[in-house]
$ cat upload_29.txt   # compact mmCIF, C-alpha atoms
# COMPACT_ATOMS: atom_id res chain seq x y z
CA MET A 1 -12.50 -16.41 -10.81
CA PHE A 2 -14.49 -17.07 -7.64
CA ARG A 3 -12.96 -18.72 -4.59
CA SER A 4 -14.24 -18.92 -1.02
CA GLY A 5 -12.08 -18.86 2.09
CA VAL A 6 -8.46 -17.88 2.33
CA ALA A 7 -5.60 -19.87 0.82
CA ALA A 8 -2.97 -21.16 3.23
CA ALA A 9 0.44 -19.51 3.12
CA LEU A 10 3.07 -21.75 1.56
CA LEU A 11 6.48 -20.84 2.87
CA ALA A 12 8.63 -23.87 1.95
CA ALA A 13 11.96 -23.11 0.31
CA CYS A 14 13.29 -24.98 -2.70
CA GLY A 15 15.56 -28.01 -2.33
CA SER A 16 19.16 -28.94 -2.98
CA SER A 17 21.28 -29.98 -5.95
CA PRO A 18 20.84 -33.28 -7.78
CA GLY A 19 23.22 -36.14 -6.96
CA MET A 20 26.29 -37.07 -9.05
CA ASP A 21 26.73 -40.25 -11.05
CA PRO A 22 29.43 -42.34 -9.29
CA GLY A 23 30.44 -43.71 -12.66
CA ASP A 24 31.21 -40.29 -14.04
CA PRO A 25 35.00 -39.99 -14.41
CA GLY A 26 34.78 -36.34 -13.55
CA ALA A 27 32.87 -36.92 -10.31
CA GLY A 28 34.27 -35.00 -7.39
CA THR A 29 35.96 -32.31 -9.50
CA ASP A 30 34.66 -28.73 -9.46
CA ALA A 31 35.26 -28.27 -13.18
CA ALA A 32 33.18 -31.28 -14.15
CA HIS A 33 30.47 -30.67 -11.55
CA PRO A 34 29.85 -26.99 -10.83
CA ASP A 35 27.52 -26.06 -7.98
CA THR A 36 23.96 -26.68 -9.14
CA THR A 37 22.17 -25.84 -5.89
CA ILE A 38 18.68 -24.55 -6.63
CA VAL A 39 18.20 -21.05 -5.27
CA GLU A 40 14.74 -20.04 -4.03
CA THR A 41 13.00 -17.90 -6.62
CA ASP A 42 11.41 -14.49 -6.02
CA ARG A 43 7.93 -15.17 -4.68
CA GLY A 44 6.89 -11.51 -4.65
CA ALA A 45 5.86 -8.90 -2.10
CA GLN A 46 3.77 -9.22 1.03
CA ARG A 47 0.74 -7.01 1.58
CA TYR A 48 -0.25 -5.10 4.71
CA THR A 49 -3.50 -3.21 5.26
CA GLY A 50 -4.97 -1.12 8.05
CA GLN A 51 -7.68 1.40 8.82
CA LEU A 52 -8.19 4.43 11.04
CA ALA A 53 -11.67 5.69 11.86
CA MET A 54 -10.68 9.35 12.17
CA THR A 55 -7.86 11.76 12.89
CA SER A 56 -7.91 14.51 15.48
CA THR A 57 -9.82 17.65 14.48
CA VAL A 58 -7.84 20.70 13.34
CA ARG A 59 -9.17 24.26 13.17
CA PHE A 60 -8.37 26.62 10.31
CA GLY A 61 -9.59 29.92 8.93
CA GLY A 62 -10.46 32.88 11.12
CA SER A 63 -10.28 36.62 10.47
CA PRO A 64 -10.99 37.82 7.85
CA TYR A 65 -12.67 34.49 7.06
CA CYS A 66 -15.03 32.26 8.99
CA GLU A 67 -13.48 29.66 11.26
CA TYR A 68 -13.73 26.02 10.25
CA SER A 69 -12.49 22.63 11.37
CA VAL A 70 -11.33 19.60 9.40
CA THR A 71 -11.25 15.93 10.33
CA LEU A 72 -10.09 13.10 8.09
CA ARG A 73 -12.27 9.99 8.39
CA SER A 74 -12.51 6.41 7.10
CA ILE A 75 -8.79 6.19 6.38
CA VAL A 76 -7.60 3.05 4.56
CA LEU A 77 -3.90 2.26 4.08
CA ASP A 78 -2.45 -0.47 1.85
CA VAL A 79 1.27 -1.33 1.51
CA THR A 80 3.36 -4.03 -0.16
CA LEU A 81 6.93 -4.80 0.91
CA HIS A 82 9.36 -6.80 -1.22
CA PRO A 83 12.44 -8.51 0.28
CA THR A 84 14.85 -6.87 -2.18
CA ARG A 85 12.93 -4.01 -3.84
CA GLY A 86 11.63 -2.49 -0.61
CA LEU A 87 8.26 -0.75 -0.57
CA THR A 88 6.71 -1.40 -3.98
CA THR A 89 3.14 -0.09 -3.69
CA MET A 90 1.15 2.04 -1.29
CA SER A 91 -2.26 3.63 -1.36
CA ILE A 92 -4.18 5.87 1.03
CA ALA A 93 -7.86 6.74 0.94
CA ASP A 94 -9.58 9.19 3.28
CA THR A 95 -12.64 11.42 3.54
CA VAL A 96 -12.21 15.15 4.24
CA ASP A 97 -14.90 16.33 6.65
CA GLU A 98 -15.14 20.10 7.21
CA ALA A 99 -17.39 21.85 9.73
CA ILE A 100 -18.14 25.41 10.83
CA VAL A 101 -16.80 26.61 14.17
CA GLY A 102 -19.35 28.96 15.70
CA THR A 103 -21.54 30.68 13.13
CA CYS A 104 -20.85 31.58 9.52
CA PRO A 105 -22.97 32.51 6.49
CA PHE A 106 -20.70 30.43 4.25
CA PRO A 107 -21.10 26.64 4.53
CA PRO A 108 -18.12 24.29 4.77
CA ALA A 109 -17.02 22.28 1.76
CA ALA A 110 -18.91 19.05 1.16
CA ASP A 111 -17.33 15.79 2.28
CA SER A 112 -14.79 14.62 -0.27
CA ARG A 113 -13.03 11.27 -0.76
CA GLN A 114 -9.28 11.56 -1.44
CA PHE A 115 -6.84 9.02 -2.88
CA PHE A 116 -3.03 8.84 -2.93
CA ALA A 117 -0.76 6.19 -4.44
CA PHE A 118 2.86 5.12 -4.88
CA GLN A 119 4.22 2.64 -7.43
CA GLY A 120 7.91 1.78 -7.72
CA ALA A 121 10.74 0.48 -5.56
CA GLN A 122 11.44 2.53 -2.43
CA ALA A 123 14.50 1.44 -0.46
CA ALA A 124 14.56 1.69 3.32
CA ASN A 125 16.44 4.58 4.91
CA ALA A 126 19.24 4.21 7.47
CA ALA A 127 16.67 3.67 10.22
CA GLY A 128 14.99 0.83 8.30
CA ALA A 129 11.88 2.87 7.46
CA PHE A 130 10.32 3.81 4.12
CA VAL A 131 9.29 7.29 2.95
CA PRO A 132 7.50 6.83 -0.40
CA THR A 133 6.53 9.84 -2.49
CA MET A 134 2.75 9.70 -2.67
CA GLN A 135 0.91 10.93 -5.76
CA GLY A 136 -2.46 12.53 -5.14
CA GLN A 137 -5.35 11.80 -7.46
CA PRO A 138 -6.14 14.85 -9.66
CA SER A 139 -9.75 14.85 -8.45
CA ASN A 140 -8.74 15.24 -4.79
CA SER A 141 -10.51 18.19 -3.19
CA PRO A 142 -9.09 20.20 -1.61
CA MET A 143 -5.65 19.72 -3.17
CA THR A 144 -3.61 17.91 -0.53
CA GLU A 145 -0.12 16.48 -0.17
CA ALA A 146 0.34 13.27 1.83
CA THR A 147 3.66 12.38 3.45
CA VAL A 148 4.13 8.90 4.88
CA LEU A 149 6.58 7.07 7.13
CA VAL A 150 6.27 3.26 7.00
CA THR A 151 8.21 1.30 9.62
CA PRO A 152 8.24 -2.52 9.78
CA ARG A 153 7.56 -3.66 13.34
CA THR A 154 7.45 -7.44 12.98
CA GLU A 155 7.13 -9.90 10.11
CA THR A 156 3.35 -9.50 10.26
CA VAL A 157 2.90 -5.84 11.26
CA VAL A 158 4.13 -2.53 9.87
CA ASP A 159 3.40 0.93 11.28
CA ALA A 160 2.38 3.89 9.13
CA SER A 161 2.37 7.56 10.14
CA VAL A 162 0.72 10.04 7.77
CA ARG A 163 0.79 13.83 7.43
CA TRP A 164 -1.71 15.60 5.17
CA GLU A 165 -1.18 19.24 4.14
CA ARG A 166 -3.63 21.32 2.18
CA THR A 167 -1.75 22.93 -0.72
CA ASP A 168 -4.34 25.02 -2.60
CA GLN A 169 -4.58 27.71 0.10
CA GLY A 170 -2.17 29.70 2.22
CA PRO A 171 -2.70 30.73 5.86
CA PRO A 172 -5.15 30.98 7.50
CA LEU A 173 -7.05 28.55 5.23
CA LYS A 174 -4.18 26.08 4.96
CA TRP A 175 -4.35 23.10 7.32
CA VAL A 176 -2.11 20.21 8.37
CA VAL A 177 -3.54 16.98 9.79
CA THR A 178 -1.47 14.09 11.14
CA THR A 179 -2.09 10.68 12.63
CA SER A 180 -1.68 11.10 16.39
CA SER A 181 0.10 7.73 16.59
CA PRO A 182 1.26 5.17 14.00
CA VAL A 183 -1.45 3.05 12.40
CA ALA A 184 -0.77 -0.70 12.63
CA LEU A 185 -1.07 -2.45 9.27
CA GLN A 186 -1.54 -6.22 9.43
CA ARG A 187 -0.17 -8.68 6.88
CA VAL A 188 -2.96 -10.18 4.77
CA THR A 189 -3.24 -13.35 2.72
CA CYS A 190 -4.43 -13.70 -0.87
CA GLU A 191 -6.26 -16.30 -2.94
CA MET A 192 -3.65 -18.35 -4.79
CA ASN A 193 -3.44 -17.52 -8.52
CA ASP A 194 -6.01 -14.72 -8.22
CA LEU A 195 -5.28 -11.24 -9.60
CA TYR A 196 -5.14 -8.16 -7.36
CA CYS A 197 -4.94 -4.56 -8.58
CA LEU A 198 -3.10 -2.37 -6.08
CA GLY A 199 -3.36 1.41 -6.22
CA THR A 200 -6.05 3.92 -7.14
CA SER A 201 -8.31 4.56 -10.13
CA THR A 202 -5.54 6.64 -11.74
CA LEU A 203 -2.33 4.79 -10.75
CA GLY A 204 -1.95 1.08 -10.08
CA SER A 205 -0.40 -2.28 -10.88
CA LEU A 206 -1.76 -5.79 -11.33
CA HIS A 207 -0.39 -8.66 -9.22
CA ARG A 208 -0.91 -12.42 -9.09
CA CYS A 209 -1.01 -14.27 -5.78
CA SER A 210 1.80 -16.84 -6.02
CA ASP A 211 1.34 -18.92 -2.87
CA GLY A 212 -1.41 -17.49 -0.69
CA LEU A 213 0.86 -14.87 0.88
CA HIS A 214 3.04 -13.28 -1.82
CA LEU A 215 2.03 -11.06 -4.75
CA VAL A 216 4.03 -10.95 -8.00
CA GLU A 217 3.58 -7.95 -10.29
CA VAL A 218 2.39 -8.96 -13.75
CA ASN A 219 1.44 -5.61 -15.27
CA ARG A 220 1.40 -1.87 -14.66
CA CYS A 221 -1.93 -0.06 -14.95
CA PRO A 222 -1.30 3.35 -16.59
CA SER A 223 -4.96 4.30 -16.13
CA GLY A 224 -5.27 2.85 -12.64
CA CYS A 225 -7.33 0.04 -11.18
CA ALA A 226 -10.90 -0.80 -12.12
CA PRO A 227 -13.45 -0.92 -9.27
CA SER A 228 -13.38 -4.23 -7.40
CA GLN A 229 -16.46 -6.41 -7.83
CA SER A 230 -15.77 -9.00 -5.11
CA PRO A 231 -18.83 -9.98 -3.04
CA PRO A 232 -18.46 -10.53 0.73
CA GLY A 233 -16.45 -13.64 1.56
CA GLN A 234 -15.25 -14.21 -1.99
CA HIS A 235 -12.64 -12.74 -4.29
CA VAL A 236 -13.03 -12.00 -7.99
CA ASP A 237 -10.02 -11.34 -10.20
CA GLU A 238 -9.31 -7.61 -10.29
CA ALA A 239 -8.23 -5.68 -13.37
CA CYS A 240 -6.73 -2.47 -14.72
CA ASN A 241 -8.94 0.30 -16.07
$ encode --input "upload_29.txt" --output "structure tokens"
Amino acid sequence: MFRSGVAAALLAACGSSPGMDPGDPGAGTDAAHPDTTIVETDRGAQRYTGQLAMTSTVRFGGSPYCEYSVTLRSIVLDVTLHPTRGLTTMSIADTVDEAIVGTCPFPPAADSRQFFAFQGAQAANAAGAFVPTMQGQPSNSPMTEATVLVTPRTETVVDASVRWERTDQGPPLKWVVTTSSPVALQRVTCEMNDLYCLGTSTLGSLHRCSDGLHLVEVNRCPSGCAPSQSPPGQHVDEACN
């Protein structure tokens, strides 16, 4: 479905118990009138997103190989936090950009887009931070492991620190790249009743926006999320592959 603009966040809690009939002979007794206070229902998780243009550049290689450098660019981070289930989804996308240091007859690897995802329920550690186990997409090149630390800062901002380690080569071709400082992820709104697929093209889950701010999971996507078709300024329901 198409909608323009952003839905307002609805944060009102549910109300209190219904009144008792004064004519009821059991009025005022706990046995006849148990507590019927309405408890606020689970409205879902809140979503936080952020971007980083590039990491610092790291050199690798050297004798007996050529010397190269690697920089990760166009980094996109996406997290959902649930009040009782903790961190429920996370995805990372980045582009690996290699270059030659000095001269070398062997060219660097071509730029490659990488994707990592987490789906589940990750509880916070003793420090109140989350360390989800990220799953790399099989097509990632080079093979890389991503380790993340997500720390809530305020109700509207969480910080994410990421460490990438190349795993298909040993020294001196192995490299480790980190964010030099935490990336601030801002809470984002959603279009009420619209569907959002969170994850990658190989691992994801489908969520419905319940009130303009919270996302409720409605389905897992064993084959990941389909490409989003939303035009600028509008949102189209997303789907599983």
$ closest_atom_pairs --input "upload_29.txt" --of "segment 52-118 of chain A" --to "segment 131-154 of chain A" --cutoff "6 Å" --atoms "only C-alpha atoms" --output "CSV"
residue,atom,partner,partner_atom,distance
A:Gln114,CA,A:Asn140,CA,5.0
A:Phe115,CA,A:Gln137,CA,5.6
A:Phe116,CA,A:Gly136,CA,4.3
A:Ala117,CA,A:Gln135,CA,5.2
A:Phe118,CA,A:Met134,CA,5.1
$ residues_near_point --input "upload_29.txt" --point "(11.9, -2.4, 1.4)" --cutoff "12 Å" --atoms "all atoms listed in the file" --output "PyMOL selection string"
chain A and resi 45-46+79-90+120-132+150-152+158
$ residues_around --input "upload_29.txt" --residues "Val176 of chain A" --least-positions-apart "3" --cutoff "12 Å" --atoms "all atoms listed in the file" --output "count of residues only"
26
$ residues_around --input "upload_29.txt" --residues "Gly102 of chain A" --least-positions-apart "3" --cutoff "10 Å" --atoms "all atoms listed in the file" --output "ChimeraX atom specification"
/A:66-68,99
$ residues_near_point --input "upload_29.txt" --point "(-0.8, -2.5, -9.3)" --cutoff "8 Å" --atoms "all atoms listed in the file" --output "list in words"
Thr89, Gln119, Tyr196, Cys197, Leu198, Gly199, Leu203, Gly204, Ser205, Leu206, His207, Glu217, Asn219, Arg220, Cys221, Gly224 and Cys225 of chain A
$ atom_distance --input "upload_29.txt" --atom1 "atom CA of Gln186 of chain A" --atom2 "atom CA of Val76 of chain A"
12.1 Å
$ closest_residue --input "upload_29.txt" --among "A:Ala239, A:Cys190, A:Val177, A:Ala53" --to "Arg73 of chain A" --atoms "all atoms listed in the file"
A:Ala53
$ closest_residue --input "upload_29.txt" --among "A:Asp78, A:Asp194, A:Asp159, A:Asp111" --to "Ser210 of chain A" --atoms "all atoms listed in the file"
A:Asp194
$ atom_distance --input "upload_29.txt" --atom1 "atom CA of Arg113 of chain A" --atom2 "atom CA of Thr95 of chain A"
4.3 Å
$ atom_distance --input "upload_29.txt" --atom1 "atom CA of Met192 of chain A" --atom2 "atom CA of Asp211 of chain A"
5.4 Å
$ closest_residue --input "upload_29.txt" --among "A:Ala160, A:Leu215, A:Leu195, A:Val96" --to "Cys240 of chain A" --atoms "only C-alpha atoms"
A:Leu195
$ closest_residue --input "upload_29.txt" --among "A:Ala93, A:Val157, A:Ser63, A:Arg208" --to "Ile75 of chain A" --atoms "all atoms listed in the file"
A:Ala93
$ closest_residue --input "upload_29.txt" --among "A:Thr49, A:Leu77, A:Gln229, A:Cys104" --to "Pro64 of chain A" --atoms "all atoms listed in the file"
A:Cys104
$ closest_residue --input "upload_29.txt" --among "A:Leu213, A:Val236, A:Ala110, A:Val218" --to "Tyr48 of chain A" --atoms "all atoms listed in the file"
A:Leu213
